[in-house]
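Data block for start_35.cif (mmCIF, C-alpha atoms):
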```cif
data_start
#
loop_
_atom_site.label_atom_id
_atom_site.label_comp_id
_atom_site.auth_asym_id
_atom_site.auth_seq_id
_atom_site.Cartn_x
_atom_site.Cartn_y
_atom_site.Cartn_z
CA MET P 1 -259.00 -99.99 -138.85
CA PRO P 2 -257.13 -100.91 -135.61
CA LYS P 3 -255.01 -98.17 -134.18
CA ASN P 4 -251.29 -98.64 -133.89
CA ARG P 5 -250.13 -99.27 -130.36
CA ASN P 6 -246.68 -99.06 -128.86
CA THR P 7 -246.51 -102.59 -127.48
CA PHE P 8 -243.17 -102.01 -125.78
CA SER P 9 -244.44 -98.91 -124.00
CA SER P 10 -247.63 -100.70 -122.87
CA ASP P 11 -245.68 -103.69 -121.51
CA ALA P 12 -243.23 -101.44 -119.72
CA SER P 13 -246.08 -99.48 -118.13
CA ALA P 14 -247.78 -102.69 -116.97
CA ALA P 15 -244.52 -104.00 -115.54
CA LEU P 16 -243.97 -100.72 -113.72
CA ARG P 17 -247.46 -100.84 -112.21
CA ALA P 18 -246.94 -104.45 -111.11
CA TRP P 19 -243.63 -103.54 -109.50
CA GLY P 20 -245.32 -100.64 -107.72
CA ARG P 21 -248.04 -102.91 -106.34
CA ARG P 22 -245.46 -105.42 -105.10
CA ALA P 23 -243.41 -102.66 -103.47
CA ALA P 24 -246.51 -101.19 -101.83
CA SER P 25 -247.57 -104.63 -100.58
CA ARG P 26 -244.15 -105.27 -99.08
CA ALA P 27 -244.17 -101.85 -97.43
CA VAL P 28 -247.66 -102.38 -95.96
CA HIS P 29 -246.83 -105.83 -94.56
CA SER P 30 -243.48 -104.67 -93.23
CA GLY P 31 -245.12 -101.65 -91.60
CA TRP P 32 -247.88 -103.78 -90.07
CA ARG P 33 -245.31 -106.20 -88.60
CA TRP P 34 -243.52 -103.22 -87.06
CA ILE P 35 -246.80 -101.92 -85.61
CA GLN P 36 -247.59 -105.35 -84.17
CA GLN P 37 -244.17 -105.54 -82.52
CA ALA P 38 -244.39 -101.98 -81.17
CA GLY P 39 -247.98 -102.38 -79.96
CA ALA P 40 -247.53 -105.70 -78.13
CA VAL P 41 -247.98 -105.44 -74.35
CA THR P 42 -245.42 -106.94 -71.97
CA ALA P 43 -244.24 -106.29 -68.43
CA GLU P 44 -241.43 -104.14 -69.83
CA HIS P 45 -243.68 -102.32 -72.31
CA PRO P 46 -247.20 -102.14 -70.83
CA GLY P 47 -248.34 -99.28 -73.05
CA PRO P 48 -251.44 -97.58 -71.66
CA TYR P 49 -252.44 -100.61 -69.55
CA ARG P 50 -251.79 -100.96 -65.82
CA PHE P 51 -252.41 -104.59 -65.01
CA ARG P 52 -252.17 -105.75 -61.42
CA ARG P 53 -249.42 -108.08 -62.64
CA ILE P 54 -247.86 -109.16 -65.93
CA GLY P 55 -245.46 -112.05 -65.48
CA PRO P 56 -242.10 -112.31 -67.24
CA ALA P 57 -242.21 -113.46 -70.88
CA THR P 58 -245.98 -112.85 -71.05
CA ARG P 59 -247.10 -111.09 -74.22
CA LEU P 60 -250.41 -109.63 -75.35
CA ALA P 61 -250.52 -109.40 -79.14
CA PHE P 62 -251.54 -106.21 -80.92
CA PRO P 63 -254.24 -105.23 -81.63
CA LEU P 64 -255.92 -106.03 -78.32
CA GLY P 65 -259.66 -106.38 -77.86
CA THR P 66 -261.57 -104.55 -75.14
CA VAL P 67 -259.53 -104.26 -71.94
CA PHE P 68 -260.60 -102.57 -68.71
CA GLY P 69 -260.36 -103.14 -64.97
CA GLU P 70 -256.65 -103.98 -65.30
CA ARG P 71 -256.11 -103.24 -61.58
CA TRP P 72 -257.96 -106.48 -60.87
CA ILE P 73 -256.33 -108.62 -63.59
CA GLU P 74 -253.27 -110.79 -62.93
CA LEU P 75 -251.41 -112.46 -65.80
CA GLY P 76 -248.94 -115.21 -64.94
CA ASP P 77 -245.55 -116.00 -66.46
CA HIS P 78 -245.05 -117.08 -70.09
CA CYS P 79 -248.65 -116.44 -71.15
CA ILE P 80 -249.59 -115.88 -74.79
CA ILE P 81 -252.61 -113.65 -75.41
CA GLY P 82 -253.65 -113.58 -79.06
CA GLU P 83 -254.91 -110.68 -81.15
CA GLN P 84 -258.33 -109.15 -80.45
CA VAL P 85 -258.64 -110.86 -77.05
CA THR P 86 -260.99 -109.13 -74.60
CA LEU P 87 -260.04 -109.10 -70.90
CA THR P 88 -262.39 -107.25 -68.55
CA ALA P 89 -262.84 -107.07 -64.79
CA GLY P 90 -266.17 -105.59 -63.73
CA MET P 91 -269.38 -105.02 -65.60
CA MET P 92 -268.10 -101.69 -66.92
CA PRO P 93 -265.03 -99.46 -66.60
CA GLY P 94 -264.54 -97.34 -63.52
CA LEU P 95 -265.97 -99.69 -60.87
CA ASP P 96 -264.22 -100.34 -57.54
CA LEU P 97 -263.97 -104.13 -57.23
CA GLY P 98 -262.24 -104.21 -53.87
CA PRO P 99 -258.74 -105.24 -52.79
CA ASP P 100 -258.50 -108.69 -54.38
CA PRO P 101 -257.85 -109.73 -57.99
CA VAL P 102 -260.91 -110.73 -60.00
CA LEU P 103 -259.38 -112.28 -63.13
CA ARG P 104 -256.28 -114.46 -62.73
CA LEU P 105 -254.37 -116.37 -65.39
CA GLY P 106 -251.81 -118.93 -64.21
CA ASN P 107 -248.44 -119.53 -65.80
CA GLY P 108 -248.25 -120.67 -69.42
CA VAL P 109 -251.87 -119.84 -70.30
CA VAL P 110 -252.68 -119.42 -74.01
CA LEU P 111 -255.75 -117.47 -75.14
CA GLY P 112 -256.46 -117.82 -78.84
CA ARG P 113 -257.34 -114.99 -81.19
CA GLY P 114 -260.69 -113.30 -80.56
CA SER P 115 -261.31 -114.95 -77.18
CA HIS P 116 -263.26 -113.13 -74.44
CA VAL P 117 -262.80 -113.40 -70.68
CA VAL P 118 -265.38 -111.31 -68.81
CA ALA P 119 -265.25 -111.32 -65.01
CA SER P 120 -267.17 -109.48 -62.32
CA GLN P 121 -266.87 -112.47 -59.99
CA PRO P 122 -263.53 -114.33 -59.61
CA VAL P 123 -262.45 -116.13 -62.79
CA THR P 124 -259.33 -118.26 -62.40
CA PHE P 125 -257.27 -120.15 -64.98
CA GLY P 126 -254.79 -122.72 -63.68
CA ASP P 127 -251.35 -123.22 -65.19
CA ASP P 128 -250.89 -124.35 -68.80
CA VAL P 129 -254.50 -123.88 -69.87
CA PHE P 130 -254.66 -123.71 -73.68
CA CYS P 131 -257.60 -122.09 -75.44
CA GLY P 132 -258.35 -122.15 -79.15
CA PRO P 133 -259.66 -119.06 -80.95
CA TYR P 134 -262.95 -117.38 -80.04
CA VAL P 135 -263.36 -119.02 -76.63
CA TYR P 136 -265.77 -117.21 -74.29
CA VAL P 137 -265.37 -117.43 -70.51
CA THR P 138 -267.66 -115.37 -68.27
CA SER P 139 -268.82 -115.07 -64.68
CA ASP P 140 -271.98 -113.26 -65.82
CA ASN P 141 -275.05 -114.39 -67.70
CA HIS P 142 -278.23 -112.56 -68.69
CA SER P 143 -281.30 -113.13 -66.53
CA TYR P 144 -284.90 -113.06 -67.71
CA ASP P 145 -286.89 -113.24 -64.45
CA ASP P 146 -289.06 -110.24 -65.30
CA PRO P 147 -291.12 -111.00 -68.41
CA HIS P 148 -291.98 -107.31 -68.85
CA GLN P 149 -288.42 -105.95 -69.03
CA PRO P 150 -286.00 -106.32 -71.95
CA ILE P 151 -283.57 -109.09 -71.09
CA GLY P 152 -280.60 -106.85 -71.83
CA ARG P 153 -281.78 -104.42 -69.13
CA GLN P 154 -282.12 -107.02 -66.37
CA TRP P 155 -279.25 -107.45 -63.90
CA PRO P 156 -277.27 -110.58 -64.80
CA ARG P 157 -276.66 -113.59 -62.62
CA SER P 158 -273.02 -113.99 -61.60
CA ALA P 159 -270.92 -116.80 -60.13
CA PRO P 160 -267.18 -117.58 -59.93
CA VAL P 161 -265.49 -119.71 -62.60
CA SER P 162 -262.40 -121.90 -62.28
CA ILE P 163 -260.54 -123.79 -65.00
CA GLY P 164 -258.10 -126.45 -63.82
CA SER P 165 -254.46 -126.61 -64.81
CA GLY P 166 -253.57 -128.43 -68.00
CA SER P 167 -257.01 -128.08 -69.60
CA TRP P 168 -257.74 -127.49 -73.26
CA LEU P 169 -260.70 -125.41 -74.47
CA GLY P 170 -261.51 -125.93 -78.14
CA THR P 171 -262.50 -123.28 -80.68
CA GLY P 172 -265.70 -121.47 -79.80
CA ALA P 173 -266.16 -123.12 -76.40
CA VAL P 174 -268.34 -121.21 -73.93
CA ILE P 175 -267.73 -121.44 -70.18
CA LEU P 176 -270.71 -120.13 -68.20
CA PRO P 177 -270.96 -118.67 -64.67
CA GLY P 178 -270.41 -121.18 -61.88
CA ALA P 179 -268.45 -123.63 -64.05
CA ARG P 180 -265.68 -125.53 -62.24
CA LEU P 181 -263.40 -127.51 -64.51
CA GLY P 182 -260.93 -129.99 -63.04
CA ARG P 183 -257.38 -130.69 -64.15
CA ASN P 184 -256.57 -131.74 -67.72
CA VAL P 185 -260.14 -131.33 -68.94
CA VAL P 186 -260.82 -131.28 -72.69
CA VAL P 187 -263.70 -129.06 -73.83
CA ALA P 188 -264.75 -129.85 -77.39
CA ALA P 189 -265.12 -127.07 -79.95
CA GLY P 190 -268.42 -125.26 -79.59
CA ALA P 191 -269.31 -126.86 -76.26
CA VAL P 192 -271.29 -124.85 -73.68
CA VAL P 193 -270.13 -125.74 -70.18
CA ARG P 194 -271.82 -125.12 -66.85
CA GLY P 195 -271.54 -126.85 -63.48
CA GLU P 196 -268.71 -129.11 -62.35
CA VAL P 197 -266.46 -131.18 -64.64
CA PRO P 198 -264.20 -133.82 -63.03
CA ASP P 199 -260.47 -134.18 -63.63
CA HIS P 200 -259.32 -135.89 -66.84
CA ALA P 201 -262.70 -135.68 -68.57
CA VAL P 202 -263.72 -134.83 -72.13
CA VAL P 203 -266.94 -132.83 -72.48
CA ALA P 204 -268.87 -131.95 -75.62
CA GLY P 205 -272.23 -130.57 -76.67
CA ALA P 206 -274.60 -127.80 -75.63
CA PRO P 207 -275.12 -128.21 -72.77
CA ALA P 208 -271.83 -130.05 -72.43
CA LYS P 209 -271.79 -133.60 -71.11
CA VAL P 210 -268.92 -135.94 -70.22
CA VAL P 211 -268.25 -138.16 -73.25
CA ARG P 212 -264.98 -139.74 -72.10
CA ARG P 213 -263.16 -140.02 -68.78
CA TRP P 214 -259.88 -141.41 -67.54
CA GLU P 215 -259.96 -143.79 -64.58
CA ALA P 216 -256.81 -144.94 -62.80
CA ALA P 217 -257.93 -148.58 -62.78
CA THR P 218 -259.25 -148.87 -66.33
CA GLY P 219 -257.74 -146.00 -68.32
CA TRP P 220 -259.90 -144.09 -70.79
CA VAL P 221 -263.60 -145.00 -70.84
CA PRO P 222 -264.69 -145.43 -73.58
CA PRO P 223 -261.27 -146.38 -74.97
CA LEU P 224 -259.45 -144.02 -77.32
CA ARG P 225 -259.99 -144.89 -80.97
CA THR P 226 -256.42 -144.16 -82.06
CA ALA P 227 -253.02 -144.90 -80.61
CA PRO P 228 -251.22 -142.02 -78.90
CA PRO P 229 -248.64 -140.20 -81.04
CA VAL P 230 -245.03 -141.16 -80.53
CA PRO P 231 -243.25 -138.26 -78.81
CA ILE P 232 -239.95 -136.99 -80.15
CA PRO P 233 -237.20 -137.88 -77.66
CA SER P 234 -235.96 -134.76 -75.91
CA GLU P 235 -232.34 -135.83 -76.34
CA MET P 236 -232.48 -135.81 -80.16
CA THR P 237 -229.89 -133.60 -81.80
CA ALA P 238 -230.66 -130.76 -84.18
CA ASP P 239 -229.40 -132.89 -87.12
CA GLN P 240 -231.74 -135.74 -86.16
CA LEU P 241 -234.71 -133.39 -85.96
CA LYS P 242 -233.81 -131.94 -89.35
CA ALA P 243 -233.60 -135.42 -90.84
CA LEU P 244 -237.11 -136.21 -89.57
CA ALA P 245 -238.47 -133.09 -91.22
CA GLU P 246 -236.83 -133.70 -94.61
CA PRO P 247 -238.56 -135.89 -97.21
CA PRO P 248 -236.81 -139.17 -98.12
CA ALA P 249 -234.53 -139.30 -101.11
CA ALA P 250 -235.99 -140.34 -104.47
CA ASP P 251 -234.18 -143.69 -104.42
CA GLY P 252 -235.65 -144.47 -101.00
CA SER P 253 -232.33 -144.23 -99.19
#
```
In structure tokens, how does this file's structure come out?
Amino acid sequence: MPKNRNTFSSDASAALRAWGRRAASRAVHSGWRWIQQAGAVTAEHPGPYRFRRIGPATRLAFPLGTVFGERWIELGDHCIIGEQVTLTAGMMPGLDLGPDPVLRLGNGVVLGRGSHVVASQPVTFGDDVFCGPYVYVTSDNHSYDDPHQPIGRQWPRSAPVSIGSGSWLGTGAVILPGARLGRNVVVAAGAVVRGEVPDHAVVAGAPAKVVRRWEAATGWVPPLRTAPPVPIPSEMTADQLKALAEPPAADGS
């Protein structure tokens, strides 16, 4: 025989548990947002970090990745550094790298979540360089000259790196020691770049090769497959922008 159950009591208990879970979820998310705001690093609120320079309106999101050698790191104005981004100067903490900066980010640089920039030789980003998530830029690479020693124990090869202003580095791109990227270079997602890349070039692959380039006389070679997007006029009013974002009425008007 089935036992009698108090259906009302059971429903009320379930509703109370659901309410408790929702309240706990809201509290956790609200608390985490507060922690992210409080933990963000700026020029006004550097926390435990003592960078050589943090420009105005530059913000490093919390939580940060590994950060050391801040005395040799310069961050320009209006930079956005995503969560879990590693910024290091030197092979390890506690080294004296001399009087000059080693890692320099220009103005308006964006480093996507989980990116790594590792510099023991000078690594320089120009202005307005945008990086997708998990980009890796390094002045150091493992060597394997001695076949009898573990590769991880051999002293790495190092060379300066420079990334030209206006460039875009796609998700998972790797920039190796000695790379010199020109202005407005596009690095495809997952590309592995070494050597010199000319201005206004698109590179892809591992190792990366130039797959498209802009020439003043002929334009893009090979030609772009799609037409460029139509930019929104800067003089548009707020009402006009809102109208563009709203779906059309059902009657098509």
Enumerate, as a PDB file with C-alpha atoms, in the coordinates of the input, the protein, DNA and RNA residues whose atoms approach (-266.4, -130.9, -63.5) to within 12 Å, taking into account all atoms listed in the file and the coordinate frame of the file.
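Dumped everything to result.pdb:
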```pdb
ATOM      1  CA  VAL P 161    -265.490-119.710 -62.600  1.00  0.00           C
ATOM      2  CA  SER P 162    -262.400-121.900 -62.280  1.00  0.00           C
ATOM      3  CA  ILE P 163    -260.540-123.790 -65.000  1.00  0.00           C
ATOM      4  CA  GLY P 164    -258.100-126.450 -63.820  1.00  0.00           C
ATOM      5  CA  SER P 167    -257.010-128.080 -69.600  1.00  0.00           C
ATOM      6  CA  ILE P 175    -267.730-121.440 -70.180  1.00  0.00           C
ATOM      7  CA  GLY P 178    -270.410-121.180 -61.880  1.00  0.00           C
ATOM      8  CA  ALA P 179    -268.450-123.630 -64.050  1.00  0.00           C
ATOM      9  CA  ARG P 180    -265.680-125.530 -62.240  1.00  0.00           C
ATOM     10  CA  LEU P 181    -263.400-127.510 -64.510  1.00  0.00           C
ATOM     11  CA  GLY P 182    -260.930-129.990 -63.040  1.00  0.00           C
ATOM     12  CA  ARG P 183    -257.380-130.690 -64.150  1.00  0.00           C
ATOM     13  CA  ASN P 184    -256.570-131.740 -67.720  1.00  0.00           C
ATOM     14  CA  VAL P 185    -260.140-131.330 -68.940  1.00  0.00           C
ATOM     15  CA  VAL P 186    -260.820-131.280 -72.690  1.00  0.00           C
ATOM     16  CA  VAL P 187    -263.700-129.060 -73.830  1.00  0.00           C
ATOM     17  CA  VAL P 193    -270.130-125.740 -70.180  1.00  0.00           C
ATOM     18  CA  ARG P 194    -271.820-125.120 -66.850  1.00  0.00           C
ATOM     19  CA  GLY P 195    -271.540-126.850 -63.480  1.00  0.00           C
ATOM     20  CA  GLU P 196    -268.710-129.110 -62.350  1.00  0.00           C
ATOM     21  CA  VAL P 197    -266.460-131.180 -64.640  1.00  0.00           C
ATOM     22  CA  PRO P 198    -264.200-133.820 -63.030  1.00  0.00           C
ATOM     23  CA  ASP P 199    -260.470-134.180 -63.630  1.00  0.00           C
ATOM     24  CA  HIS P 200    -259.320-135.890 -66.840  1.00  0.00           C
ATOM     25  CA  ALA P 201    -262.700-135.680 -68.570  1.00  0.00           C
ATOM     26  CA  VAL P 202    -263.720-134.830 -72.130  1.00  0.00           C
ATOM     27  CA  VAL P 203    -266.940-132.830 -72.480  1.00  0.00           C
ATOM     28  CA  ALA P 208    -271.830-130.050 -72.430  1.00  0.00           C
ATOM     29  CA  LYS P 209    -271.790-133.600 -71.110  1.00  0.00           C
ATOM     30  CA  VAL P 210    -268.920-135.940 -70.220  1.00  0.00           C
ATOM     31  CA  ARG P 213    -263.160-140.020 -68.780  1.00  0.00           C
TER      32      ARG P 213
END
```
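Of the listed residues (P:Leu103, P:Ala43, P:Ala27, P:Leu224), P:Leu103 comes nearest to Phe68 (chain P); the distances count only C-alpha atoms.
Separating CA of Arg33 (chain P) from CA of Trp168 (chain P) is a distance of 29.0 Å.
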Determine the residue membership of the PyMOL selection byres ((chain P and resi 129) around 10) for the file above and supply it as a list of chain:residue names.
P:Cys79, P:Leu105, P:Gly106, P:Asn107, P:Gly108, P:Val109, P:Val110, P:Leu111, P:Phe125, P:Gly126, P:Asp127, P:Asp128, P:Phe130, P:Cys131, P:Ile163, P:Gly164, P:Ser165, P:Gly166, P:Ser167, P:Trp168, P:Leu169, P:Arg183, P:Asn184, P:Val185
Enumerate, as a ChimeraX atom specification, the residues matched when the PyMOL selection byres ((chain P and resi 64) around 10) is run on the file above.
/P:39-41,60-63,65-67,81-87,113-114
Mind telling me what the PyMOL selection byres ((chain P and resi 51) around 6) catches here, as a compact mmCIF listing (two decimals) with C-alpha atoms, in the frame of the given file?
```txt
# COMPACT_ATOMS: atom_id res chain seq x y z
CA ARG P 50 -251.79 -100.96 -65.82
CA ARG P 52 -252.17 -105.75 -61.42
CA ARG P 53 -249.42 -108.08 -62.64
CA GLU P 70 -256.65 -103.98 -65.30
CA ARG P 71 -256.11 -103.24 -61.58
CA ILE P 73 -256.33 -108.62 -63.59
```
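From CA of Pro56 (chain P) back to CA of Glu44 (chain P), the distance works out to 8.6 Å.
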re CA of Leu176 (chain P) and CA of Trp214 (chain P): distance 23.9 Å
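Ranking P:Ala23, P:Ala173, P:Ala227, P:Val221 by their shortest atom-to-atom distance to Ala206 (chain P), with only C-alpha atoms included, puts P:Ala173 first.
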List as a PyMOL selection string the residues having at least one atom at most 8 Å from position (-269.9, -125.9, -80.1) as given in the file, counting only C-alpha atoms.
chain P and resi 171-174+188-192+204-206
Give, as JSON, the centre coordinates and the x, y and z edge lengths in Å to one decimal for an axis-aligned box around all listed atoms of region 100-110 of chain P, padded by 4 Å on each side.
```
{"center_x": -254.6, "center_y": -114.7, "center_z": -64.2, "size_x": 20.7, "size_y": 20.0, "size_z": 27.6}
```
Which residue of P:Ala57, P:Ala216, P:Val123, P:Val28 approaches Glu74 (chain P) most closely, using all atoms listed in the file:
P:Val123
Surrounding residues of Tyr144 (chain P) excluding itself and chain neighbours under 6 positions, 9 Å, only C-alpha atoms, as a list in words
Pro150, Ile151, Gly152, Gln154, Trp155 and Pro156 of chain P
So that I have them on file, write out the residues from the current selection with C-alpha atoms, as an mmCIF file, keeping the file's coordinate frame.
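New file result-v5.cif:
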```cif
data_model
loop_
_atom_site.group_PDB
_atom_site.id
_atom_site.type_symbol
_atom_site.label_atom_id
_atom_site.label_comp_id
_atom_site.auth_asym_id
_atom_site.auth_seq_id
_atom_site.Cartn_x
_atom_site.Cartn_y
_atom_site.Cartn_z
ATOM 1 C CA PRO P 150 -286.000 -106.320 -71.950
ATOM 2 C CA ILE P 151 -283.570 -109.090 -71.090
ATOM 3 C CA GLY P 152 -280.600 -106.850 -71.830
ATOM 4 C CA GLN P 154 -282.120 -107.020 -66.370
ATOM 5 C CA TRP P 155 -279.250 -107.450 -63.900
ATOM 6 C CA PRO P 156 -277.270 -110.580 -64.800
#
```
Incomplete region 66-80 of chain P filled out to N, CA and C atoms as a short mmCIF file (atom, residue, chain, number, x, y, z; two decimals), in the frame of the given file:
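Full text of rebuild03.cif as output:
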```cif
data_model
loop_
_atom_site.label_atom_id
_atom_site.label_comp_id
_atom_site.auth_asym_id
_atom_site.auth_seq_id
_atom_site.Cartn_x
_atom_site.Cartn_y
_atom_site.Cartn_z
N THR P 66 -261.18 -105.44 -76.23
CA THR P 66 -261.57 -104.55 -75.14
C THR P 66 -260.86 -104.95 -73.86
N VAL P 67 -260.24 -104.00 -73.20
CA VAL P 67 -259.53 -104.26 -71.94
C VAL P 67 -259.90 -103.15 -70.96
N PHE P 68 -260.43 -103.55 -69.79
CA PHE P 68 -260.60 -102.57 -68.71
C PHE P 68 -260.61 -103.32 -67.37
N GLY P 69 -260.47 -102.55 -66.29
CA GLY P 69 -260.36 -103.14 -64.97
C GLY P 69 -259.02 -103.83 -64.74
N GLU P 70 -257.96 -103.31 -65.38
CA GLU P 70 -256.65 -103.98 -65.30
C GLU P 70 -256.15 -104.10 -63.87
N ARG P 71 -256.55 -103.19 -62.98
CA ARG P 71 -256.11 -103.24 -61.58
C ARG P 71 -256.50 -104.55 -60.92
N TRP P 72 -257.49 -105.23 -61.46
CA TRP P 72 -257.96 -106.48 -60.87
C TRP P 72 -257.66 -107.68 -61.75
N ILE P 73 -256.70 -107.53 -62.68
CA ILE P 73 -256.33 -108.62 -63.59
C ILE P 73 -254.87 -108.99 -63.36
N GLU P 74 -254.62 -110.27 -63.10
CA GLU P 74 -253.27 -110.79 -62.93
C GLU P 74 -252.97 -111.78 -64.05
N LEU P 75 -251.85 -111.58 -64.73
CA LEU P 75 -251.41 -112.46 -65.80
C LEU P 75 -250.12 -113.14 -65.36
N GLY P 76 -250.10 -114.47 -65.41
CA GLY P 76 -248.94 -115.21 -64.94
C GLY P 76 -247.76 -115.12 -65.89
N ASP P 77 -246.76 -115.98 -65.65
CA ASP P 77 -245.55 -116.00 -66.46
C ASP P 77 -245.78 -116.76 -67.76
N HIS P 78 -245.09 -116.34 -68.82
CA HIS P 78 -245.05 -117.08 -70.09
C HIS P 78 -246.44 -117.31 -70.69
N CYS P 79 -247.33 -116.34 -70.53
CA CYS P 79 -248.65 -116.44 -71.15
C CYS P 79 -248.61 -115.85 -72.56
N ILE P 80 -249.45 -116.39 -73.42
CA ILE P 80 -249.59 -115.88 -74.79
C ILE P 80 -251.05 -115.47 -74.98
#
```
